[in-house]
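**Student:** Here you go, this is start-v8.cif (mmCIF, C-alpha atoms and all ligand atoms).
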```
data_model
loop_
_atom_site.label_atom_id
_atom_site.label_comp_id
_atom_site.auth_asym_id
_atom_site.auth_seq_id
_atom_site.Cartn_x
_atom_site.Cartn_y
_atom_site.Cartn_z
CA MET O 1 8.04 -27.44 15.88
CA LYS O 2 4.67 -29.00 15.26
CA VAL O 3 3.80 -30.62 11.93
CA PRO O 4 0.06 -30.28 11.18
CA TRP O 5 -1.68 -33.62 10.75
CA PRO O 6 -4.59 -33.89 8.30
CA GLY O 7 -5.83 -37.36 9.39
CA LYS O 8 -8.28 -38.51 12.03
CA CYS O 9 -6.83 -41.94 12.88
CA CYS O 10 -3.77 -43.14 14.76
CA ILE O 11 -0.99 -43.96 12.27
CA ILE O 12 0.03 -47.07 14.24
CA CYS O 13 -3.16 -48.86 15.36
CA LEU O 14 -5.38 -47.04 12.80
CA GLY O 15 -7.91 -46.53 15.61
CA ALA O 16 -10.11 -43.46 15.53
CA GLY O 17 -8.71 -40.70 17.77
CA PRO O 18 -8.65 -38.64 19.84
CA LEU O 19 -5.08 -38.06 18.76
CA CYS O 20 -2.42 -36.58 20.98
CA GLU O 21 0.93 -34.88 20.63
CA GLU O 22 3.78 -37.23 19.78
CA HIS O 23 7.50 -36.37 19.85
CA LEU O 24 9.21 -37.93 16.83
CA ILE O 25 12.62 -37.83 18.57
CA PRO O 26 11.97 -38.80 22.21
CA ARG O 27 11.51 -35.81 24.48
CA ALA O 28 13.91 -37.39 26.99
CA LEU O 29 16.65 -36.89 24.39
CA GLY O 30 15.68 -33.26 23.95
CA GLY O 31 13.43 -33.89 20.92
CA ARG O 32 11.05 -31.02 19.98
CA LEU O 33 9.54 -32.09 16.64
CA THR O 34 5.94 -33.12 17.20
CA SER O 35 2.74 -34.00 15.40
CA GLU O 36 -0.67 -35.17 16.53
CA PHE O 37 -0.97 -38.54 14.84
CA LEU O 38 -0.94 -41.15 17.61
CA CYS O 39 -3.75 -42.18 19.91
CA SER O 40 -2.94 -41.76 23.59
CA SER O 41 -2.66 -45.52 24.10
CA CYS O 42 -0.02 -45.98 21.34
CA ASN O 43 1.73 -42.82 22.50
CA SER O 44 2.10 -43.90 26.11
CA ARG O 45 2.94 -47.50 25.24
CA LEU O 46 5.78 -46.39 22.94
CA GLY O 47 6.95 -43.86 25.51
CA HIS O 48 7.08 -46.25 28.44
CA ASP O 49 8.00 -49.55 26.83
CA LEU O 50 10.24 -48.45 23.97
CA GLU O 51 11.61 -44.92 24.25
CA ALA O 52 12.24 -44.79 28.00
CA ALA O 53 15.28 -47.05 27.59
CA ALA O 54 16.84 -44.84 24.88
CA LYS O 55 18.37 -42.53 27.43
CA SER O 56 20.38 -45.44 28.88
CA ASP O 57 22.03 -46.31 25.55
CA PRO O 58 25.81 -46.10 26.17
CA SER O 59 26.37 -44.09 22.95
CA ILE O 60 23.69 -41.57 23.96
CA LEU O 61 25.17 -41.19 27.44
CA LEU O 62 28.69 -40.73 26.10
CA ALA O 63 27.39 -38.22 23.54
CA VAL O 64 25.62 -36.02 26.09
CA GLN O 65 28.59 -36.28 28.44
CA HIS O 66 30.81 -35.15 25.56
CA LEU O 67 28.50 -32.20 24.84
CA SER O 68 27.88 -31.32 28.48
CA GLU O 69 29.23 -27.77 28.12
CA GLN O 70 26.98 -26.99 25.15
CA ILE O 71 23.84 -28.71 26.49
CA PRO O 72 24.29 -28.55 30.27
CA SER O 73 20.71 -29.12 31.41
CA LEU O 74 20.09 -32.08 29.07
CA ALA O 75 23.45 -33.57 30.02
CA LYS O 76 22.66 -33.10 33.69
CA SER O 77 19.25 -34.78 33.42
CA LEU O 78 20.53 -37.75 31.38
CA VAL O 79 23.94 -38.32 32.93
CA GLU O 80 23.00 -37.66 36.55
CA SER O 81 20.06 -40.02 36.49
CA HIS O 82 22.30 -42.86 35.32
CA PRO O 83 24.29 -45.10 37.73
CA HIS O 84 27.96 -44.23 38.23
CA ILE O 85 31.01 -46.00 39.64
CA GLY O 86 33.39 -44.29 42.05
CA TYR O 87 36.99 -45.51 41.91
CA SER O 88 39.21 -45.39 44.97
CA GLU O 89 42.51 -46.95 45.97
CA PRO O 90 40.84 -49.57 48.23
CA GLY O 91 38.28 -50.48 45.54
CA ALA O 92 35.36 -49.38 43.38
CA ALA O 93 31.75 -48.89 44.38
CA ARG O 94 28.50 -48.17 42.57
CA GLY O 95 26.69 -44.95 43.28
CA TYR O 96 24.91 -41.99 41.75
CA ILE O 97 25.25 -38.24 41.32
CA GLN O 98 23.33 -35.95 43.64
CA ASN O 99 23.64 -32.17 43.35
CA GLY O 100 26.73 -32.65 41.21
CA GLU O 101 28.47 -34.90 43.78
CA PHE O 102 29.11 -38.63 43.66
CA ARG O 103 27.28 -40.49 46.41
CA VAL O 104 28.03 -44.15 46.97
CA ARG O 105 25.12 -46.57 47.16
CA SER O 106 24.92 -48.30 50.57
CA GLN O 107 25.70 -51.98 50.31
CA SER O 108 26.74 -54.95 52.45
CA LEU O 109 29.69 -57.02 51.29
CA ASP O 110 30.14 -60.78 51.70
CA ASP O 111 32.70 -60.32 54.49
CA GLY O 112 30.10 -58.53 56.63
CA SER O 113 31.47 -55.04 56.01
CA ILE O 114 29.29 -52.17 54.86
CA ILE O 115 29.95 -49.46 52.26
CA GLN O 116 28.10 -46.22 52.98
CA PRO O 117 28.33 -42.50 52.34
CA THR O 118 30.33 -40.90 55.16
CA ASP O 119 27.34 -39.10 56.73
CA ASP O 120 25.35 -42.35 56.84
CA ALA O 121 28.40 -44.23 58.20
CA THR O 122 28.58 -41.75 61.07
CA LYS O 123 25.00 -42.59 62.04
CA SER O 124 25.63 -46.34 61.59
CA ILE O 125 28.63 -46.28 63.93
CA ALA O 126 26.54 -44.56 66.61
CA THR O 127 23.71 -47.07 66.15
CA ILE O 128 25.98 -50.11 66.25
CA LEU O 129 27.75 -48.91 69.41
CA ARG O 130 24.51 -47.89 71.11
CA LYS O 131 23.09 -51.38 70.45
CA SER O 132 26.25 -52.87 71.93
CA GLY O 133 25.59 -50.95 75.14
CA TYR O 134 28.15 -48.16 74.74
CA GLN O 135 27.63 -44.84 76.54
CA GLU O 136 27.41 -41.54 74.66
CA ASN O 137 30.99 -40.50 75.42
CA PRO O 138 32.80 -43.38 73.66
CA ILE O 139 30.23 -43.12 70.84
CA GLU O 140 31.15 -39.46 70.32
CA ASN O 141 34.82 -40.41 70.36
CA ALA O 142 34.22 -43.10 67.71
CA VAL O 143 32.33 -40.65 65.47
CA ALA O 144 35.12 -38.08 65.92
CA ALA O 145 37.70 -40.75 65.06
CA LEU O 146 35.86 -41.44 61.80
CA GLN O 147 35.66 -37.76 60.94
CA ASP O 148 39.38 -37.28 61.67
CA ALA O 149 40.46 -40.52 59.95
CA SER O 150 43.03 -40.26 57.15
CA GLU O 151 41.69 -41.30 53.77
CA ASN O 152 42.29 -44.86 52.52
CA LYS O 153 43.68 -45.96 55.94
CA LEU O 154 42.18 -48.62 58.22
CA VAL O 155 41.24 -47.00 61.55
CA GLU O 156 39.80 -48.70 64.63
CA VAL O 157 37.20 -46.24 65.93
CA ALA O 158 36.03 -48.49 68.78
CA PRO O 159 37.19 -51.94 69.98
CA GLY O 160 36.54 -54.34 67.08
CA LEU O 161 35.00 -51.63 64.85
CA GLU O 162 37.23 -50.63 61.94
CA VAL O 163 36.58 -48.16 59.16
CA VAL O 164 38.33 -47.04 55.97
CA LYS O 165 37.38 -43.61 54.67
CA TRP O 166 37.70 -43.92 50.90
CA ARG O 167 38.94 -41.07 48.82
CA VAL O 168 37.10 -41.18 45.49
CA ASP O 169 39.69 -40.46 42.80
CA ARG O 170 37.59 -40.91 39.69
CA VAL O 171 33.91 -41.16 38.84
CA GLU O 172 32.65 -42.73 35.64
CA LEU O 173 29.29 -43.65 34.14
CA ASP O 174 28.42 -47.27 34.91
CA LEU O 175 27.69 -48.59 31.42
CA SER O 176 27.82 -52.26 32.43
CA ASN O 177 24.05 -52.75 32.34
CA ALA O 178 23.22 -50.02 29.82
CA PRO O 179 21.23 -51.54 26.94
CA MET O 180 21.86 -50.54 23.31
CA MET O 181 19.03 -48.55 21.80
CA ASN O 182 16.27 -50.74 20.38
CA PRO O 183 16.39 -50.33 16.56
CA LEU O 184 12.60 -49.96 16.68
CA ILE O 185 13.20 -46.42 18.01
CA PRO O 186 14.86 -45.11 14.82
CA ALA O 187 12.30 -47.18 12.87
CA LYS O 188 9.50 -45.33 14.73
CA ILE O 189 11.11 -41.91 14.13
CA ALA O 190 11.56 -42.69 10.42
CA PHE O 191 8.01 -44.02 10.00
CA GLU O 192 6.59 -40.91 11.64
CA PHE O 193 8.82 -38.67 9.50
CA LEU O 194 7.57 -40.46 6.37
CA ALA O 195 4.03 -39.85 7.60
CA CYS O 196 4.86 -36.12 7.67
CA HIS O 197 5.71 -36.47 3.93
CA ALA O 198 3.01 -38.87 2.80
CA GLY O 199 0.11 -37.48 4.85
CA THR O 200 -2.91 -39.76 5.10
CA ALA O 201 -1.39 -42.12 2.48
CA ILE O 202 0.53 -43.54 5.46
CA TYR O 203 -2.77 -45.29 6.41
CA ASP O 204 -2.47 -47.50 3.27
CA GLN O 205 -2.86 -51.21 3.88
CA VAL O 206 0.15 -52.24 1.75
CA PRO O 207 2.15 -55.02 3.49
CA GLN O 208 5.26 -52.82 3.79
CA LEU O 209 3.40 -50.36 6.03
CA SER O 210 1.21 -52.92 7.81
CA GLU O 211 4.35 -54.74 8.96
CA VAL O 212 5.88 -51.57 10.37
CA ARG O 213 2.64 -50.67 12.14
CA ARG O 214 2.39 -54.17 13.61
CA ALA O 215 6.03 -54.04 14.81
CA LEU O 216 5.47 -50.65 16.46
CA TYR O 217 2.26 -51.92 18.01
CA THR O 218 3.70 -55.15 19.42
CA MET O 219 7.21 -53.70 19.92
CA GLU O 220 8.77 -57.05 19.10
CA THR O 221 11.40 -56.89 16.37
CA VAL O 222 12.16 -54.75 13.35
CA PRO O 223 10.08 -56.25 10.51
CA ASP O 224 11.56 -57.65 7.30
CA SER O 225 10.18 -54.71 5.35
CA ILE O 226 12.66 -52.30 6.91
CA ARG O 227 16.36 -52.37 7.62
CA VAL O 228 18.01 -50.17 10.21
CA ASP O 229 21.73 -49.42 9.74
CA ARG O 230 23.57 -47.94 12.67
CA LEU O 231 26.27 -45.52 11.52
CA LEU O 232 28.71 -43.14 13.19
CA SER O 233 29.69 -39.75 11.84
CA SER O 234 32.99 -38.14 12.73
CA LYS O 235 32.15 -35.81 15.59
CA TYR O 236 29.70 -34.90 18.29
CA GLU O 237 27.69 -31.76 17.65
CA PRO O 238 24.77 -30.35 19.60
CA PHE O 239 22.04 -31.08 17.08
CA HIS O 240 19.44 -33.67 16.15
CA GLY O 241 18.40 -34.11 12.54
CA ILE O 242 16.06 -36.18 10.39
CA CYS O 243 16.45 -36.29 6.64
CA PHE O 244 14.38 -38.04 3.99
CA GLU O 245 17.24 -39.14 1.75
CA GLY O 246 15.08 -40.12 -1.22
CA ASN O 247 13.81 -43.25 -2.91
CA ASP O 248 16.99 -44.64 -4.41
CA PRO O 249 16.24 -47.54 -4.61
CA TYR O 250 13.63 -47.33 -1.83
CA ALA O 251 12.60 -44.73 0.73
CA ARG O 252 15.44 -44.00 3.13
CA VAL O 253 15.41 -41.82 6.21
CA GLN O 254 18.54 -40.81 8.08
CA ILE O 255 18.36 -39.84 11.74
CA ARG O 256 21.21 -38.05 13.49
CA LEU O 257 21.33 -37.75 17.25
CA PHE O 258 23.84 -35.45 18.94
CA GLY O 259 25.50 -35.00 15.55
CA ARG O 260 27.41 -38.23 15.71
CA LEU O 261 25.01 -41.15 16.16
CA ALA O 262 23.31 -41.90 12.90
CA PHE O 263 20.72 -44.41 11.83
CA ARG O 264 19.65 -45.06 8.26
CA VAL O 265 16.20 -46.61 8.06
CA ASN O 266 15.52 -48.29 4.70
CA PHE O 267 11.88 -48.91 3.83
CA LEU O 268 12.30 -51.79 1.40
CA ARG O 269 10.07 -51.76 -1.67
CA LEU O 270 8.42 -48.46 -0.75
CA SER O 271 8.70 -44.99 -2.30
CA VAL O 272 7.31 -41.75 -0.95
CA GLY O 273 6.51 -38.78 -3.18
CA GLY O 274 6.23 -35.07 -2.62
CA PRO O 275 8.85 -32.58 -1.47
CA ARG O 276 11.64 -33.98 0.69
CA PHE O 277 12.43 -32.36 4.00
CA VAL O 278 15.44 -32.16 6.20
CA TYR O 279 14.75 -31.24 9.79
CA THR O 280 17.42 -29.95 12.14
CA HIS O 281 17.24 -28.93 15.77
CA ARG O 282 20.15 -27.13 17.42
CA LEU O 283 20.16 -28.36 21.00
CA ASP O 284 22.27 -25.45 22.28
CA THR O 285 20.16 -22.63 20.83
CA SER O 286 16.80 -24.50 20.49
CA GLU O 287 16.64 -23.35 16.85
CA GLU O 288 14.61 -25.68 14.63
CA ARG O 289 14.50 -25.69 10.83
CA ALA O 290 12.68 -27.69 8.20
CA ASP O 291 14.12 -27.22 4.71
CA ILE O 292 13.02 -28.65 1.41
CA ILE O 293 15.90 -30.33 -0.39
CA ASP O 294 16.61 -31.36 -4.01
CA GLU O 295 13.07 -30.70 -5.14
CA SER O 296 13.75 -31.09 -8.85
CA LYS O 297 16.73 -33.45 -8.92
CA HIS O 298 14.96 -36.76 -8.39
CA SER O 299 12.14 -38.37 -10.27
CA GLU O 300 9.63 -38.92 -7.51
CA PRO O 301 6.56 -41.12 -7.76
CA LYS O 302 3.49 -39.09 -8.70
CA THR O 303 1.51 -40.51 -5.81
CA ALA O 304 2.27 -39.73 -2.18
CA LEU O 305 3.18 -43.34 -1.59
CA HIS O 306 4.13 -46.16 -3.91
CA ALA O 307 4.53 -49.79 -2.87
CA HIS O 308 6.86 -51.79 -5.15
CA ARG O 309 6.16 -55.42 -5.89
ZN ZN J 401 -2.97 -46.02 18.29
#
```
Give the structure from this file in structure tokens form.

**Tutor:**
Amino acid sequence: MKVPWPGKCCIICLGAGPLCEEHLIPRALGGRLTSEFLCSSCNSRLGHDLEAAAKSDPSILLAVQHLSEQIPSLAKSLVESHPHIGYSEPGAARGYIQNGEFRVRSQSLDDGSIIQPTDDATKSIATILRKSGYQENPIENAVAALQDASENKLVEVAPGLEVVKWRVDRVELDLSNAPMMNPLIPAKIAFEFLACHAGTAIYDQVPQLSEVRRALYTMETVPDSIRVDRLLSSKYEPFHGICFEGNDPYARVQIRLFGRLAFRVNFLRLSVGGPRFVYTHRLDTSEERADIIDESKHSEPKTALHAHR
């Protein structure tokens, strides 16, 4: 779904266009809501330096893994590109998923031994023996001994050359180096969603907005003018949503990712007028909706945007 944009300048650096298509929820997470309100430089900087890491957030990875039956292609692209650990009786080893199968990453251990995928190990044995001056016949025997070896048992395939063929019993995501999502990402989504409500009033030079723009430009820390709360709802569901929750006491935007991960972004001392929208995107059916909520219930500021003192 594309929200039309009436302005001519980038909503982050305020530079004159040309403007390009921006995904409010990162495309890597399956996001489809777009608008053309960022210059290409801000767009690519945010994409590479901020949003690219979102898909490594442990909560995101666990969510897509949980929903893998409902959103198979997204789960495949996010989960398979992330490092995994294979567990075996003799030990554990880091690796990755290729064509749905765990493949161990080749590595040398401190004791001089090597961990390799079996097909690579076959080639390594032949190379090592060839370098040691062995003829083809004993090399073939050594390779056959590896192929016939029982799993998890030490086997001497040639004099002084021992192998253990690991049976991988369990494969899990390696979340040890997975960074938590930078809170600037929900702040960016919320700021862009507010822009969809406020229109060109989002260009206002009030400190509350200038600070957010500066933070999204420098990508340092969440500014004092906003507060990002990280929440958890009860269950995973295959949808993303963004909701402008109103101005009580200040503008608040809630973002839901994969149903369960929720962020509330509070824009302190700022109110936004006009109709309030809730956007939902079913990830399993690709259905998108934007509904107006509670139009009459709240007393909204008359102007599109109101900065409190
Ligand atoms: Zn820009």

**Student:** Find the smallest box with edges along x, y and z containing every listed atom of range 221-234 of chain O, then add 6 Å on each side and report centre and edge lengths in Å to one decimal, as AutoDock Vina command-line options.

**Tutor:**
```
--center_x 21.5 --center_y -47.9 --center_z 10.9 --size_x 34.9 --size_y 31.5 --size_z 23.0
```

**Student:** In file coordinates, which residues lie within 9 Å of (8.9, -47.2, 22.9) using all atoms listed in the file, given as a PyMOL selection string?

**Tutor:** chain O and resi 26+43-54+182+184-185+188+216+219

**Student:** Let me see if you get this right: every residue at most 10 Å from ligand ZN 401 (chain J), counting all atoms listed in the file, written as an MDAnalysis selection string.

**Tutor:** chainID O and resid 9:20 37:46 213 216:217

**Student:** Measuring atom to atom with all atoms listed in the file, identify which of O:Asp174, O:Ser124, O:Gly273, O:Lys55 is nearest to Gly86 in chain O.

**Tutor:**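 Going through O:Asp174, O:Ser124, O:Gly273, O:Lys55 one by one, the smallest distance to Gly86 in chain O is for O:Asp174.
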
**Student:** So, with only C-alpha atoms as the atoms that count, which of O:Val168, O:Val143, O:Leu175, O:Leu129 lies closest to Leu62 in chain O?

**Tutor:** O:Leu175

**Student:** What is the distance between CA of Arg252 in chain O and CA of Pro179 in chain O, in Å to one decimal?

**Tutor:** 25.6 Å

**Student:** For a quick check of understanding, using only C-alpha atoms, which of O:Arg214, O:Arg256, O:Arg32, O:His308 has the smallest distance to Lys2 in chain O?

**Tutor:**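 When distances to Lys2 in chain O are compared using only C-alpha atoms, the smallest one comes from O:Arg32.
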
**Student:** With only C-alpha atoms as the basis for distance, which of O:Ser59, O:Val104, O:Cys196, O:Asp291 is at the shortest distance from Arg230 in chain O?

**Tutor:**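 Closest residue, counting only C-alpha atoms: O:Ser59.
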
**Student:** For Ala262 in chain O, which residue among O:Thr122, O:Asn247, O:Ser234, O:Ser150 is the nearest when counting only C-alpha atoms?

**Tutor:**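 Looking at the shortest contact to Ala262 in chain O, the residue is O:Ser234.
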